[in-house]
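Participant: My structure is stored as start-v8.cif, with mmCIF, C-alpha atoms.
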data_work
#
loop_
_atom_site.label_atom_id
_atom_site.label_comp_id
_atom_site.auth_asym_id
_atom_site.auth_seq_id
_atom_site.Cartn_x
_atom_site.Cartn_y
_atom_site.Cartn_z
CA MET A 60 103.24 154.90 75.29
CA ALA A 61 99.45 154.75 75.05
CA GLU A 62 99.63 151.84 72.60
CA THR A 63 101.97 149.88 74.86
CA SER A 64 99.71 150.55 77.85
CA TRP A 65 96.64 149.34 75.90
CA GLU A 66 98.45 146.12 74.81
CA THR A 67 99.49 145.36 78.38
CA SER A 68 95.96 145.93 79.63
CA ASP A 69 94.56 143.72 76.85
CA LEU A 70 96.93 140.88 77.74
CA ARG A 71 95.92 141.08 81.38
CA THR A 72 92.24 140.91 80.39
CA ALA A 73 92.93 137.88 78.21
CA LYS A 74 94.70 136.11 81.07
CA LYS A 75 91.82 136.79 83.44
CA SER A 76 89.35 135.31 80.94
CA VAL A 77 90.84 131.84 81.40
CA PRO A 78 88.53 130.03 83.87
CA ASP A 79 89.95 129.00 87.24
CA GLY A 80 90.21 125.33 88.13
CA LEU A 81 91.11 124.01 84.66
CA TRP A 82 94.57 122.93 85.77
CA VAL A 83 95.84 121.36 88.99
CA SER A 84 99.25 120.50 90.34
CA CYS A 85 100.02 116.94 91.41
CA ASP A 86 100.59 116.75 95.16
CA LYS A 87 103.38 114.21 94.65
CA CYS A 88 105.40 115.14 91.55
CA ASN A 89 104.16 118.73 91.01
CA ALA A 90 103.22 117.97 87.40
CA THR A 91 100.66 120.36 85.92
CA LEU A 92 97.58 118.35 84.99
CA PHE A 93 94.40 119.16 83.10
CA LEU A 94 91.64 118.62 85.68
CA LYS A 95 89.24 116.88 83.29
CA ALA A 96 91.99 114.50 82.20
CA LEU A 97 92.83 113.76 85.83
CA GLU A 98 89.18 113.06 86.63
CA SER A 99 88.86 110.74 83.63
CA ASN A 100 91.90 108.88 84.99
CA LEU A 101 90.11 108.30 88.32
CA MET A 102 92.07 111.14 89.97
CA VAL A 103 95.32 109.20 89.53
CA CYS A 104 98.30 111.20 88.27
CA PRO A 105 99.40 109.86 84.85
CA GLU A 106 102.96 110.98 85.55
CA CYS A 107 103.71 109.43 88.96
CA ASP A 108 100.62 107.28 89.68
CA HIS A 109 99.78 109.27 92.81
CA HIS A 110 96.22 108.62 93.99
CA HIS A 111 94.63 112.01 94.62
CA ARG A 112 91.76 112.37 97.05
CA MET A 113 88.28 112.40 95.60
CA SER A 114 84.87 113.41 96.88
CA GLY A 115 82.44 110.81 98.15
CA ARG A 116 80.08 111.46 95.24
CA LEU A 117 82.86 111.02 92.66
CA ARG A 118 83.99 107.88 94.46
CA VAL A 119 80.50 106.42 94.12
CA GLU A 120 80.42 107.26 90.41
CA THR A 121 83.76 105.56 89.77
CA LEU A 122 82.88 102.41 91.74
CA VAL A 123 79.32 101.48 90.84
CA ASP A 124 77.71 100.28 87.65
CA PRO A 125 76.31 103.33 85.81
CA GLY A 126 72.96 104.52 87.14
CA SER A 127 72.71 101.81 89.80
CA PHE A 128 73.28 103.87 92.96
CA GLU A 129 70.21 104.45 95.12
CA PRO A 130 71.03 106.80 98.02
CA MET A 131 69.85 106.27 101.59
CA ASN A 132 69.18 109.02 104.16
CA ALA A 133 70.42 111.62 101.69
CA THR A 134 68.65 114.51 103.47
CA MET A 135 70.11 113.74 106.91
CA ALA A 136 72.14 116.76 108.06
CA PRO A 137 74.13 117.67 111.18
CA CYS A 138 73.04 119.99 113.97
CA ASP A 139 74.99 121.66 116.75
CA PRO A 140 73.92 119.94 120.00
CA LEU A 141 76.71 121.51 122.07
CA LEU A 142 76.51 125.01 120.55
CA PHE A 143 80.23 124.54 120.01
CA HIS A 144 82.42 127.54 119.30
CA ASP A 145 86.20 127.66 118.93
CA VAL A 146 87.59 130.36 116.64
CA ARG A 147 84.31 129.99 114.73
CA ALA A 148 80.87 128.64 115.49
CA TYR A 149 80.40 124.99 114.49
CA LYS A 150 77.09 125.79 112.79
CA ASP A 151 78.93 128.26 110.55
CA ARG A 152 81.48 125.61 109.63
CA ILE A 153 78.65 123.25 108.69
CA VAL A 154 76.96 125.82 106.46
CA GLU A 155 80.25 126.69 104.76
CA ALA A 156 81.06 123.02 104.11
CA GLN A 157 77.57 122.40 102.72
CA GLU A 158 77.81 125.38 100.37
CA LYS A 159 81.32 124.43 99.25
CA THR A 160 80.63 120.75 98.56
CA GLY A 161 76.91 120.67 97.82
CA GLU A 162 76.57 117.81 100.33
CA ASN A 163 74.73 117.60 103.65
CA ASP A 164 77.56 115.78 105.46
CA GLY A 165 80.68 113.69 105.01
CA VAL A 166 79.45 110.33 103.69
CA GLN A 167 77.43 108.93 100.79
CA THR A 168 75.43 105.78 101.59
CA GLY A 169 73.08 103.63 99.57
CA THR A 170 72.70 100.46 97.54
CA ALA A 171 74.30 99.86 94.16
CA PHE A 172 75.64 97.26 91.80
CA ILE A 173 79.38 96.73 91.42
CA LYS A 174 80.25 94.51 88.46
CA GLY A 175 76.68 93.22 88.60
CA ARG A 176 76.78 92.36 92.33
CA LYS A 177 74.32 94.22 94.53
CA VAL A 178 76.00 95.81 97.56
CA ALA A 179 75.39 98.23 100.41
CA LEU A 180 77.90 101.02 99.82
CA GLY A 181 79.28 103.84 101.93
CA CYS A 182 81.86 106.36 100.66
CA MET A 183 83.33 108.91 103.04
CA ASP A 184 84.00 112.41 101.75
CA PHE A 185 87.21 114.16 102.82
CA THR A 186 86.08 117.38 101.14
CA PHE A 187 83.42 117.82 103.85
CA LEU A 188 85.18 118.87 107.08
CA ALA A 189 88.02 116.41 106.39
CA GLY A 190 85.59 113.49 106.28
CA SER A 191 85.26 113.70 110.04
CA MET A 192 82.82 111.34 111.73
CA GLY A 193 80.07 113.18 113.55
CA SER A 194 76.62 112.02 114.56
CA VAL A 195 75.24 112.07 111.00
CA VAL A 196 78.14 110.12 109.49
CA GLY A 197 77.89 107.52 112.25
CA GLU A 198 74.11 107.27 111.98
CA LYS A 199 74.13 106.95 108.18
CA LEU A 200 76.77 104.21 108.35
CA ALA A 201 74.91 102.38 111.13
CA CYS A 202 71.69 102.49 109.09
CA LEU A 203 73.58 101.21 106.06
CA ILE A 204 75.03 98.31 108.05
CA GLU A 205 71.63 97.41 109.46
CA TYR A 206 70.13 97.47 105.96
CA ALA A 207 72.91 95.17 104.72
CA THR A 208 72.18 92.83 107.64
CA ASP A 209 68.43 92.74 107.00
CA HIS A 210 68.80 92.25 103.23
CA ASP A 211 71.83 89.94 103.23
CA LEU A 212 73.99 92.28 101.14
CA PRO A 213 77.78 92.56 101.02
CA LEU A 214 78.88 95.74 102.76
CA ILE A 215 81.49 98.03 101.20
CA ILE A 216 82.75 101.12 103.04
CA VAL A 217 85.42 103.35 101.51
CA CYS A 218 87.12 105.08 104.43
CA CYS A 219 88.70 108.51 104.02
CA SER A 220 88.68 110.61 107.16
CA GLY A 221 90.62 112.70 109.61
CA GLY A 222 88.84 110.94 112.48
CA ALA A 223 86.07 111.84 114.93
CA ARG A 224 84.57 115.34 114.62
CA MET A 225 85.89 117.28 117.60
CA GLN A 226 83.08 119.86 117.49
CA GLU A 227 80.60 117.19 118.58
CA SER A 228 82.77 115.88 121.41
CA GLY A 229 81.24 112.82 123.08
CA PHE A 230 78.49 112.59 120.46
CA SER A 231 81.09 111.91 117.78
CA LEU A 232 83.07 109.49 119.95
CA MET A 233 79.95 107.39 120.53
CA GLN A 234 79.76 106.79 116.78
CA MET A 235 82.80 104.54 117.16
CA ALA A 236 80.86 102.28 119.51
CA LYS A 237 77.66 102.48 117.47
CA THR A 238 79.22 101.52 114.14
CA SER A 239 81.29 98.77 115.77
CA ALA A 240 78.22 97.32 117.51
CA THR A 241 76.16 97.25 114.31
CA LEU A 242 79.09 95.59 112.54
CA ALA A 243 79.19 92.93 115.26
CA ARG A 244 75.53 92.09 114.56
CA PHE A 245 76.29 92.09 110.83
CA ASP A 246 79.13 89.65 111.43
CA ASP A 247 76.94 87.41 113.61
CA ALA A 248 74.50 87.24 110.70
CA GLY A 249 77.29 86.02 108.43
CA GLY A 250 77.67 89.21 106.39
CA LEU A 251 80.70 90.12 104.29
CA PHE A 252 82.32 93.48 105.08
CA ILE A 253 84.97 94.81 102.69
CA SER A 254 86.74 97.85 104.10
CA VAL A 255 88.61 100.02 101.60
CA LEU A 256 91.19 102.36 103.11
CA ALA A 257 91.90 105.53 101.12
CA ASP A 258 94.21 108.42 101.94
CA PRO A 259 93.89 109.37 104.74
CA THR A 260 92.23 106.92 107.12
CA THR A 261 93.02 108.13 110.62
CA GLY A 262 91.78 108.79 114.14
CA GLY A 263 88.51 107.37 115.43
CA VAL A 264 87.57 105.92 112.04
CA THR A 265 90.69 103.75 112.07
CA ALA A 266 90.01 102.90 115.71
CA SER A 267 86.52 101.62 114.89
CA PHE A 268 84.87 100.31 111.73
CA ALA A 269 87.72 100.88 109.24
CA MET A 270 89.84 98.05 110.65
CA LEU A 271 86.95 95.64 111.28
CA GLY A 272 86.59 94.42 107.72
CA ASP A 273 86.54 90.74 106.84
CA VAL A 274 88.75 91.84 103.97
CA ILE A 275 90.74 95.08 104.19
CA LEU A 276 91.86 96.63 100.93
CA ALA A 277 93.95 99.79 100.67
CA GLU A 278 94.91 102.18 97.93
CA PRO A 279 98.64 102.62 97.20
CA ARG A 280 100.61 104.84 99.56
CA ALA A 281 97.56 105.84 101.61
CA LEU A 282 98.16 107.28 105.07
CA ILE A 283 96.60 104.90 107.59
CA GLY A 284 96.90 105.22 111.35
CA PHE A 285 95.43 106.54 114.59
CA ALA A 286 97.65 109.41 115.75
CA GLY A 287 99.84 111.21 113.23
CA PRO A 288 103.55 110.38 112.77
CA ARG A 289 104.65 113.63 114.42
CA VAL A 290 102.63 112.92 117.58
CA ILE A 291 103.95 109.35 117.77
CA ARG A 292 107.54 110.50 117.23
CA GLN A 293 107.26 113.05 120.02
CA THR A 294 105.62 110.52 122.35
CA ILE A 295 108.08 107.64 121.97
CA ARG A 296 111.05 109.96 121.28
CA GLN A 297 112.32 107.73 118.49
CA GLU A 298 112.65 108.05 114.75
CA LEU A 299 109.99 106.13 112.85
CA PRO A 300 110.72 103.56 110.12
CA GLU A 301 110.65 104.71 106.52
CA GLY A 302 107.17 104.55 105.06
CA PHE A 303 105.58 104.35 108.51
CA GLN A 304 101.75 104.38 108.42
CA THR A 305 101.53 103.83 104.67
CA SER A 306 99.49 101.08 103.02
CA GLU A 307 102.68 99.24 102.13
CA PHE A 308 103.96 99.33 105.72
CA LEU A 309 100.65 98.03 107.08
CA LEU A 310 100.53 95.30 104.45
CA ASP A 311 103.91 94.01 105.65
CA ALA A 312 102.66 94.18 109.25
CA GLY A 313 99.53 92.17 108.43
CA PHE A 314 96.95 94.92 109.02
CA VAL A 315 95.99 95.18 105.34
CA ASP A 316 95.10 92.21 103.16
CA ARG A 317 95.85 93.70 99.75
CA ILE A 318 96.87 96.96 98.11
CA VAL A 319 94.68 97.65 95.10
CA HIS A 320 95.16 100.27 92.40
CA ARG A 321 92.11 102.45 91.94
CA SER A 322 91.73 101.34 88.33
CA THR A 323 91.21 97.71 89.42
CA LEU A 324 89.23 98.29 92.62
CA ARG A 325 85.84 97.51 91.05
CA SER A 326 87.08 94.18 89.71
CA GLU A 327 88.79 93.29 92.98
CA ILE A 328 85.62 93.92 94.99
CA GLY A 329 83.68 91.72 92.57
CA ARG A 330 86.23 88.91 92.94
CA VAL A 331 86.14 89.09 96.74
CA ILE A 332 82.34 88.89 96.75
CA ASP A 333 82.38 85.92 94.38
CA PHE A 334 85.02 84.14 96.48
CA ALA A 335 82.99 84.67 99.67
CA ASN A 336 79.88 83.25 98.03
CA LYS A 337 81.55 79.97 97.04
#
Just give me the structure as structure tokens.

Facilitator:
Amino acid sequence: MAETSWETSDLRTAKKSVPDGLWVSCDKCNATLFLKALESNLMVCPECDHHHRMSGRLRVETLVDPGSFEPMNATMAPCDPLLFHDVRAYKDRIVEAQEKTGENDGVQTGTAFIKGRKVALGCMDFTFLAGSMGSVVGEKLACLIEYATDHDLPLIIVCCSGGARMQESGFSLMQMAKTSATLARFDDAGGLFISVLADPTTGGVTASFAMLGDVILAEPRALIGFAGPRVIRQTIRQELPEGFQTSEFLLDAGFVDRIVHRSTLRSEIGRVIDFANK
């Protein structure tokens, strides 16, 4: 009995010694995937081609030419102007998100080269409070747009967000107007804005800069919309078409110019820039 007990205990110890986070399950097909292999495949499932969400920092790394990214306003961090408190204090949510992700807020901005073309690049980060757009996200994007305007650079923004950050109330809603206004000046100056819609692109981000691109690209089967399907269904009291609010549905409706696989996104951005410069 003692020997059997020791063997069982030893097996349990061996199981616990396997590090957590080595394997993940695909959200679409439930296949068990080695995390490093998934990351090397640009977070695209090799079994079903599902495009998994990725952090803003990883998105930058997969898009730009190696070592070319120069961040802007990297130390800018959110505050709590309204002293907002729901079930938890907003300032506590910020600290937790910063510790979890290692980022100050939900967007990476800077300049980089993509296929040898210099661009102003912004990549939203869904891992930080669902990529929600608060004052810092809006300010960093506005500064990026203004820099692109002043230096005549193509502007690339990869959108991935749950919408405006409710904990900042009117402050977050004003970011919709601010980013849209700076984009209007960028457009008046003749700038090229390529908007890339990743899963999900929703709420106030969709209602502002995400849909203002000169060219709008989307990843396959991304959720794109303002309100969620459940809210719309309850409001209009009708069943929604199959595939409603997906990239493919919006492509057919004319809201998206092209659906681009993540593996070819770098090349597609380069082609669009070259075409615009002709």

Participant: Can you find the residues with an atom no farther than 10 Å from (88.5, 94.5, 96.1), counting all atoms listed in the file, and report them as a PDB file with C-alpha atoms, keeping the file's coordinate frame?

Facilitator:
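Generated output (part-v4.pdb):
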ATOM      1  CA  ILE A 215      81.490  98.030 101.200  1.00  0.00           C
ATOM      2  CA  ILE A 253      84.970  94.810 102.690  1.00  0.00           C
ATOM      3  CA  SER A 254      86.740  97.850 104.100  1.00  0.00           C
ATOM      4  CA  VAL A 255      88.610 100.020 101.600  1.00  0.00           C
ATOM      5  CA  VAL A 274      88.750  91.840 103.970  1.00  0.00           C
ATOM      6  CA  ILE A 275      90.740  95.080 104.190  1.00  0.00           C
ATOM      7  CA  LEU A 276      91.860  96.630 100.930  1.00  0.00           C
ATOM      8  CA  ALA A 277      93.950  99.790 100.670  1.00  0.00           C
ATOM      9  CA  ASP A 316      95.100  92.210 103.160  1.00  0.00           C
ATOM     10  CA  ARG A 317      95.850  93.700  99.750  1.00  0.00           C
ATOM     11  CA  ILE A 318      96.870  96.960  98.110  1.00  0.00           C
ATOM     12  CA  VAL A 319      94.680  97.650  95.100  1.00  0.00           C
ATOM     13  CA  HIS A 320      95.160 100.270  92.400  1.00  0.00           C
ATOM     14  CA  ARG A 321      92.110 102.450  91.940  1.00  0.00           C
ATOM     15  CA  THR A 323      91.210  97.710  89.420  1.00  0.00           C
ATOM     16  CA  LEU A 324      89.230  98.290  92.620  1.00  0.00           C
ATOM     17  CA  ARG A 325      85.840  97.510  91.050  1.00  0.00           C
ATOM     18  CA  SER A 326      87.080  94.180  89.710  1.00  0.00           C
ATOM     19  CA  GLU A 327      88.790  93.290  92.980  1.00  0.00           C
ATOM     20  CA  ILE A 328      85.620  93.920  94.990  1.00  0.00           C
ATOM     21  CA  GLY A 329      83.680  91.720  92.570  1.00  0.00           C
ATOM     22  CA  ARG A 330      86.230  88.910  92.940  1.00  0.00           C
ATOM     23  CA  VAL A 331      86.140  89.090  96.740  1.00  0.00           C
ATOM     24  CA  ILE A 332      82.340  88.890  96.750  1.00  0.00           C
TER      25      ILE A 332
END

Participant: Using only C-alpha atoms for the distances, tell me which of A:Gly161, A:Cys138, A:Ser322, A:Ala257 is nearest to Asn100 in chain A.

Facilitator: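 So, comparing all the options, the nearest one is A:Ser322.
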
Participant: When distances are computed from all atoms listed in the file, which of A:Ala207, A:Leu94, A:Cys88, A:Val123 shows the smallest separation from Asp108 in chain A?

Facilitator: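 Looking at the shortest contact to Asp108 in chain A, the residue is A:Cys88.
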
Participant: Env of Gly181 in chain A: 9 Å cut, atoms = all atoms listed in the file, seq-sep filter 3 positions within chain, self excluded. Answer as a PDB file with C-alpha atoms, keeping the file's coordinate frame.

Facilitator:
ATOM      1  CA  GLY A 115      82.440 110.810  98.150  1.00  0.00           C
ATOM      2  CA  VAL A 119      80.500 106.420  94.120  1.00  0.00           C
ATOM      3  CA  VAL A 166      79.450 110.330 103.690  1.00  0.00           C
ATOM      4  CA  GLN A 167      77.430 108.930 100.790  1.00  0.00           C
ATOM      5  CA  THR A 168      75.430 105.780 101.590  1.00  0.00           C
ATOM      6  CA  GLY A 169      73.080 103.630  99.570  1.00  0.00           C
ATOM      7  CA  THR A 170      72.700 100.460  97.540  1.00  0.00           C
ATOM      8  CA  LYS A 199      74.130 106.950 108.180  1.00  0.00           C
ATOM      9  CA  LEU A 200      76.770 104.210 108.350  1.00  0.00           C
ATOM     10  CA  LEU A 203      73.580 101.210 106.060  1.00  0.00           C
ATOM     11  CA  LEU A 214      78.880  95.740 102.760  1.00  0.00           C
ATOM     12  CA  ILE A 215      81.490  98.030 101.200  1.00  0.00           C
ATOM     13  CA  ILE A 216      82.750 101.120 103.040  1.00  0.00           C
ATOM     14  CA  VAL A 217      85.420 103.350 101.510  1.00  0.00           C
ATOM     15  CA  CYS A 218      87.120 105.080 104.430  1.00  0.00           C
TER      16      CYS A 218
END

Participant: Taking 6 positions as the minimum chain separation for residues in the same chain, which residues sit within 9 Å of Ser127 in chain A when counting all atoms listed in the file? Answer as a PyMOL selection string.

Facilitator: chain A and resi 170-173

Participant: Write a file of the selected residues as a PDB file, in the coordinates of the input, keeping C-alpha atoms.

Facilitator:
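The resulting selection.pdb:
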ATOM      1  CA  THR A 170      72.700 100.460  97.540  1.00  0.00           C
ATOM      2  CA  ALA A 171      74.300  99.860  94.160  1.00  0.00           C
ATOM      3  CA  PHE A 172      75.640  97.260  91.800  1.00  0.00           C
ATOM      4  CA  ILE A 173      79.380  96.730  91.420  1.00  0.00           C
TER       5      ILE A 173
END

Participant: Can you work out the spacing between CA of Thr261 in chain A and CA of Phe285 in chain A in Å, to one decimal?

Facilitator: 4.9 Å
